[in-house]
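Below is one structure, written out as structure tokens, with a few remarks after it.
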Amino acid sequence: MISRRNYFIILIVMGIIFVLFQFSQFARSAGNDFNVNKFIELELPEKRPWQQVSLTVDDDLPWGDKEYTVFVGDKGSNIGSIVTQWTYYTKRDILIADSLTDFAKKEHALPEFVIIDSTCVDFDTETQILTDMLNTGNSVILCNLPDVSVIQNNLELKSVLGIDFIKEESVTVEGIKLFAGFLLGGEEIYEPQKKEEEKRQDLELTMPWYIPTGGTKTYMVGVMDEYFDSVIEDYEFKNDYFPAIIWRKSTPNGQIFCVNGDYMSTTTGLGILSAMSYELSSYQLYPVVNAQNTLVIDFPLMADENDERFNEIYSRSFNEFQTNVIWASLMALGEQNDLQFTCFMSPKYNYSDPAQPSYDEYNTLLQLFNEKDAEVGLSLEHADGITLLEKLKVDKDYYDGIENRYQNSSAFMDLADIDELDEAVKVAYVRNVRTIACDADVQLPILSYLTDDITLQSLTSNTRYFTYSKDLMLKSIETVLGYDNAKLNMSPVIWPESVDDQWENIYIDMASSLATYWRRFKVFDNTTLTESDQRVRTFLNIDSSSSIDGDVITLNVSGADGNTTWFMLRTHNAKIDEIEGATYKKVETDAYLLTVNSETVTIRLKNTQNINN
Amino acid sequence: MSMTVITVLQITGIYCAYLLITVFLPHFAFGKTVRFKNRYERFLFYVISGNFYMINLVYLLELVHISYRLTLILFTVVPAIIIKVRLERIPLGKYILDIWDTLRKLTGGQLKVKNVSDQIEPLLAQRRKKFFAKIKKVYLNNIVDVLLTLTLLLCILYFFGSHLLKTYGYKASDLIVHNYWINSLSENRLFCAGIYPFGFHNTVYYIHKVFGIDTVALLRTFSLHTVTFNILMLFCALKLLCKSRYIPYIGAFMYSVVDCFLSHTYGRYNAPLPQEYGIMFIFPAIYCGFAYFRAQRREKRGLYSKDCYRYLAGFAMSFSLCITTHFYGVMAAGIFAFSMATGFAVWLFRKTYFKRVMCTIFITMGIALTPMFLAAAEGIEIEGSLRWGLSIIFGVKGDDEADKENTETEEQTEIVEEVTEEVEEVEEEVDRTTRLQRFIETYSEKYGSIAGPPVAYVELLKADLSSNVFKEKDQSQIYVVLIGYGTLLVLGVVIMLGKRDKMYGAVLLSTGIHMVVITTVLCAGDIGIPMLMDPARASIYVAYSAAFAIPMFVDAVMYFILGWGTKKKYVLSIASFALLAFWGGMVIRTNYIRKPLSPGGMETNGAVECLTRISMEEEDYSWTICSANDEGRMVYDHGFHYELIDFLRGMEYVADKGRVRMPTKYVYIFVEKIPIDYFATYWGSGQSVSKFGAKRDLPLGRSLGLYTKANRWICMSRLYYWAQAFMELYPNEMSVYYETDNFVCYKIIQNPYRLFNFAIDYEYNSTNPMDVEP
């Protein structure tokens, strides 16, 4: 028997505990305006993109003393696309020539760079032009090298390229080493050390074995172990004989960069061009987007698709799994890596599956997403057997049935459906979409306006199957744009084809990649796709110029219309002493991210090397 | 931090380290057993025992190849503690148990910290009181001595140390070699270049290892410490031997401030050199010898004490330190020891004295020479300069010369022999009429055949002293010196024959004999006897001895005149102070004060400043300096060095096809825009690097001649234009690290995993392959 007194005390305590627990739940739902897309309220800059002047050798050159870039090659080729994109992002005007001879004939002021696609050069007749260009002070970037036999038989070309000797016409290396200070993200050795890492190796490992001469600087090399030791046994500094992949040969007047491999015909080339540009100047100050997006594609789905298989693998329905397992895991991943998710929902993925989308989960999931400041976009992706417009039509019924529907401002779509975008945006629930993400294509800009109102933000990385080439690409894009659009694709989880597609395996792969490869770029802001859209529009609008006088750099920014802009400052052995008109964060040694809120920024550098200072 | 501040801190640090080992550690170990001794004698004993232990410890550990920082510290601290415990009969076990018990109780809560502090506080208060009482007794009661000593120390700092703040580089050409020998001790390679007295090197190495002070810093500044202790040892010996209290200051000030000696007699104090370091131990040895005779006499009278052994031990340590440090120091000390044996002959040849003295001499030789004999037993040959020195003394040719001769062809040998015979014939003729003989002839004509030769001898001494030791400002002062020699001899004999302090008389006699003998050694060439030392070296010892003998002479005169009666101590004190004041006043009034040392450096200030900063700021072994020679030894322990001539030759004729690499992240290039005159001047001394210089052929060979005269200018011109060309190719990777009007240091940052090939075409690389060196 308990006394009345104790009975009441216990009762009161239980009541208090009950209220406390319920209060937190009540508070969560009461303050959660999950039906409102707060990102849609972000003010967008007016569309006034910077206009690049792009001319051919037949045009009159209007630049005078203004710096411009020359591309010798086919504009429609992959390299041409990369060079055009890079000049656009870095706000450079461009002159395109079909051949070196054409360019040499044209009277012109000294360009900042001459970027050459070797496939458009006849080295038997045009090597002398290349030599003359270097002697007259041109900085040349050779995006690829001619066949080894061409170099072997052309001593002048060999000398121009800074090749001391060709050790072997073709050698297969075991890995590739990228040295620090070139691309952002630091040094990397792309050589598998464990069995499970071998699947990451997808870089081009067979190449001619060039040994550069004096006056060169090497940025990337192939690495070998046993074979190398057997061939280079008697050499003093063995490292110097690894096959050079990217190097620079300097002459008293000009400099030439050589790329031994096909790195410039992918988006990796963007960052390499930026890094080369940095190497050629005493400092580099260029606009960046400063946005890191993490896109979760086809998550959530409202229908219990593939239910039988799901129950077989996970012993629960798909809806339960995505709420209690996938989202919980993603939240943990987000906490660990400071990620901000943009989840692209879809009523269904596979329209041949009989399961119908449910309305029950809609609000619950939105509430959960809202608690973590995640954005919800539309997934316009779908399985085979249906077109985009058919999918939109089917989905419209579902969305029409939702009261207080969330207004989606971003969407993800298949690259194959991009032509149907104009029709798609006429659909009511797609009408508010202002930015589209889609898979990357080298011919498609990473960042651009798709229509007058909608921007394109191509995916730049995929957390699954994160191979060495993708890491190189990630570093490259981060270098040139300070931007990443990472994809976590959930459709394989819903429709698994092998054990690898099961959530636990995908999650491990994803988590390890995010924790390892993305951590290097934590200095950049994590954003949702709509947030980054705002930054992309500002980035595309602005123009900038900078100059250095002694140790003071002056940056002039135009076209920002009062919006914040971000710039990457890379110095050689100097740190920021004072800055006016901006704030900065250190990215890595000699690299700083500037947050600019005014039209003029003054930066005083301090040379860390001179003790007279 | 400016280089001046760094240098001041280094000098202070080295003073502290050296004092700790040579004064405070001996004081800690056996201070209580000699507490009844005069403070000057204690100081003298501490210094010699500290140096003796330090040098021989390094010898011992080096010989067994276990010389590291840990072993050096261990073998320094542990024996000091053991000696203290044994001598003072400290119940160490009980102390440890007490402390352990207290700690146990503290941690167990049985005792509180307050209880312990209450117990300790009275003890500490008592110690504090005792300490301040001692300070009062020693310093406040001797305020005149304290002020005069402080003035002396300040004078030493100013006259011998101010140049260290103006010129940072090494100031003697052979310091680089000594640096190399000291570096080799770090690798447990004793006598790396052959057997040589390594006392100085052991000392520098010990301080470097134990206290972490860079060898470069030590070799830049240790000269100041050396001269300080040389003067302090002279001063202490005078303090202990003079009858009057303030006369010793005359000797110390005379040697450090007064402009009476020719500059070369003290000029070598601009650099820390073994010979100058060895000078420190001459007077401690001599004083211990004198003191032994006095102690032995007391013992004979029944006043038995251990003093005899102490002084003999002191003599053995000091004399062995002379042997261990430099052979010229041994000669000077040996001459004084010989003079002492003559002066104290009355006592020396008595059985007890003789037995102990001979034993001591054998022990001294044994201690000093054992490491060298052991090394010789291992097959190590005698070092070149020592062999040369021995050949001078014993009049035999060194192996090098013999080898050289063997390599001559027979034809050449014949020619050489013919010429040599002719030269020898001429020399013999000249030798037959030495300067002394010419003097005798001159003065015999003037004063007759009896008075002539002594006058001629005195005149010869005067002439040699005036051209080698004393300044010719006032010729009469040299007569005063010579009269002083005579007075010392006469008064020594007179006092010995009198009833007063006979031993003092023997000291005066010994000093007089020493001065006559060492001055004779100075004049050996002119007299026609074998030269033990060349006059330039002998003059250094004559000057140092004169700074001892002249005050002794003054003291002897004062003692002879005033040293009577019961109040003689006070009378002598007052008179000596008055004389010191008068003399000091005269010196100041006549501005008879020397100028502070101001030697030129063997490196530019910029080079030394850069080297110091690089060593301090960069991670060890992450950098390489490419320069002309000297930094090669100076970067040891911190970084690497690339020889300039190898660097330039690496791209000669081949330009960028050559391979010149330095496998460190940072590379520093030292360029003298106005090349220094290394060793010697030439027709273009002081000219800047120029295209004209760069166009000239690179010098051939591998000797230091590459970096002297015009060759240095050519090398530096080449390097300068290489740097300009390389900077054009690598503007972002190469920057100016430091620049002055006459020096520039470039810094290159390279990828250590993919090194730059420094071989480039810088326009001045020779192109004619026929010029290639065989």
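Each chain of the structure tokens is named A, B, ... in the order shown, its residues numbered from 1; ligands are numbered from 1 in display order.
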Select all residues from chain B having any atom no more than 9 Å from an atom of chain A (counting only C-alpha atoms, ignoring ligands), output as an MDAnalysis selection string.
-> chainID B and resid 610 613 655:661 663 725:726 728:733 735:740 747 749:751 753:761
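Residues within 10 Å of B:Leu238, counting only C-alpha atoms and excluding same-chain residues fewer than 6 positions away, are B:Tyr40, B:Leu232, B:Ser244, B:Arg245, B:Tyr246, B:Ile247, B:Pro248, B:Tyr249, B:Ile250, B:Gly251, B:Ala252, B:Phe283, B:Tyr287, B:Ala547, B:Phe548, B:Ala549, B:Pro551, B:Met552, B:Asp555.
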Those same residues - C-alpha atoms - I'd like them written as a PDB file, in the first residue's frame.
```pdb
ATOM      1  CA  TYR B  40      90.282  34.005  -6.546  1.00  0.00           C
ATOM      2  CA  LEU B 232      90.444  36.722 -15.575  1.00  0.00           C
ATOM      3  CA  SER B 244      99.587  44.629  -2.814  1.00  0.00           C
ATOM      4  CA  ARG B 245      95.860  44.574  -3.342  1.00  0.00           C
ATOM      5  CA  TYR B 246      95.306  46.775  -6.404  1.00  0.00           C
ATOM      6  CA  ILE B 247      98.430  46.202  -8.497  1.00  0.00           C
ATOM      7  CA  PRO B 248      96.851  43.188 -10.281  1.00  0.00           C
ATOM      8  CA  TYR B 249      94.369  45.529 -11.908  1.00  0.00           C
ATOM      9  CA  ILE B 250      97.258  47.202 -13.680  1.00  0.00           C
ATOM     10  CA  GLY B 251      98.106  43.905 -15.389  1.00  0.00           C
ATOM     11  CA  ALA B 252      94.514  43.146 -16.344  1.00  0.00           C
ATOM     12  CA  PHE B 283      98.895  31.096 -15.379  1.00  0.00           C
ATOM     13  CA  TYR B 287     100.200  29.651  -9.963  1.00  0.00           C
ATOM     14  CA  ALA B 547     101.030  41.789 -18.529  1.00  0.00           C
ATOM     15  CA  PHE B 548     101.925  39.440 -15.677  1.00  0.00           C
ATOM     16  CA  ALA B 549     105.548  40.428 -15.165  1.00  0.00           C
ATOM     17  CA  PRO B 551     102.645  44.264 -12.268  1.00  0.00           C
ATOM     18  CA  MET B 552     104.834  41.733 -10.469  1.00  0.00           C
ATOM     19  CA  ASP B 555     104.501  44.904  -6.726  1.00  0.00           C
TER      20      ASP B 555
END
```
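Within 6 Å of stretch 342-357 of chain A, once only C-alpha atoms are used and residues closer than 5 positions along the same chain are dropped, the contacting residues are A:Leu295, A:Val296, A:Ile297, A:Asp298, A:Phe299, A:Pro300, A:Leu301, A:Met302, A:Ala303, A:Asp304, A:Glu305, A:Ala374, A:Glu375, A:Val376, A:Gly377, A:Leu378, A:Ser379, A:His382, A:Ala383, A:Thr528.
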Name all residues at most 9 Å from B:Ala291 (count only C-alpha atoms; drop same-chain ones fewer than 5 positions away) and give them as a list in words.
->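 Those residues are Leu241, Ile286, Gln296, Asp307, Cys308, Tyr311 and Leu312 of chain B.
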Could you please take those selected residues and save N, CA and C atoms as an mmCIF file, in the first residue's frame?
```cif
data_model
loop_
_atom_site.group_PDB
_atom_site.id
_atom_site.type_symbol
_atom_site.label_atom_id
_atom_site.label_comp_id
_atom_site.auth_asym_id
_atom_site.auth_seq_id
_atom_site.Cartn_x
_atom_site.Cartn_y
_atom_site.Cartn_z
ATOM 1 N N LEU B 241 99.264 36.224 -6.245
ATOM 2 C CA LEU B 241 100.710 36.274 -6.051
ATOM 3 C C LEU B 241 101.211 37.639 -5.575
ATOM 4 N N ILE B 286 101.021 27.847 -13.644
ATOM 5 C CA ILE B 286 102.153 28.477 -12.975
ATOM 6 C C ILE B 286 101.797 28.805 -11.523
ATOM 7 N N GLN B 296 104.111 22.898 0.188
ATOM 8 C CA GLN B 296 105.046 21.834 0.570
ATOM 9 C C GLN B 296 105.931 22.302 1.725
ATOM 10 N N ASP B 307 96.820 20.382 0.764
ATOM 11 C CA ASP B 307 97.043 21.421 -0.225
ATOM 12 C C ASP B 307 98.066 21.034 -1.278
ATOM 13 N N CYS B 308 99.154 20.341 -0.834
ATOM 14 C CA CYS B 308 100.193 19.950 -1.796
ATOM 15 C C CYS B 308 99.582 19.196 -2.957
ATOM 16 N N TYR B 311 97.364 21.407 -5.167
ATOM 17 C CA TYR B 311 98.076 22.285 -6.100
ATOM 18 C C TYR B 311 98.763 21.484 -7.199
ATOM 19 N N LEU B 312 99.293 20.330 -6.807
ATOM 20 C CA LEU B 312 99.904 19.494 -7.847
ATOM 21 C C LEU B 312 98.846 19.022 -8.848
#
```
Point-to-point distance in Å for atom CA of B:Phe647 and atom CA of A:Ile211 |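 Interatomic distance here is 21.2 Å.
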For A:Phe34, work out the shell of residues within 10 Å, counting only C-alpha atoms and skipping chain neighbours fewer than 4 positions away, then give it as a PyMOL selection string.
-> chain A and resi 29+38+363-371+373+404-406
Looking at only C-alpha atoms, which of A:Asn311, A:Ser77, A:Asn462, A:Thr90 is the one that sits closest to A:Leu540?
->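 Looking only at the distances to A:Leu540, the closest residue turns out to be A:Thr90.
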Write out as number ranges by chain the residues lying within 8 Å of stretch 152-168 of chain B, counting only C-alpha atoms and excluding same-chain residues fewer than 2 positions away.
-> B: 4, 7-8, 148-150, 170, 220-221, 224, 227-228, 252-253, 256-257, 269-270, 595-601, 603-605, 608-609
Could you work out how far atom CA of A:Pro111 lies from atom CA of A:Glu67, giving the answer in Å with one decimal?
->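 Here the two named atoms are 6.0 Å from each other.
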Would you please extract all alpha helix (DSSP H) residues from stretch 20-216 of chain A, as assigned by DSSP on the backbone, and give them as a ChimeraX atom specification?
-> /A:20-30,78-89,100-105,123-135,148-152,155-161
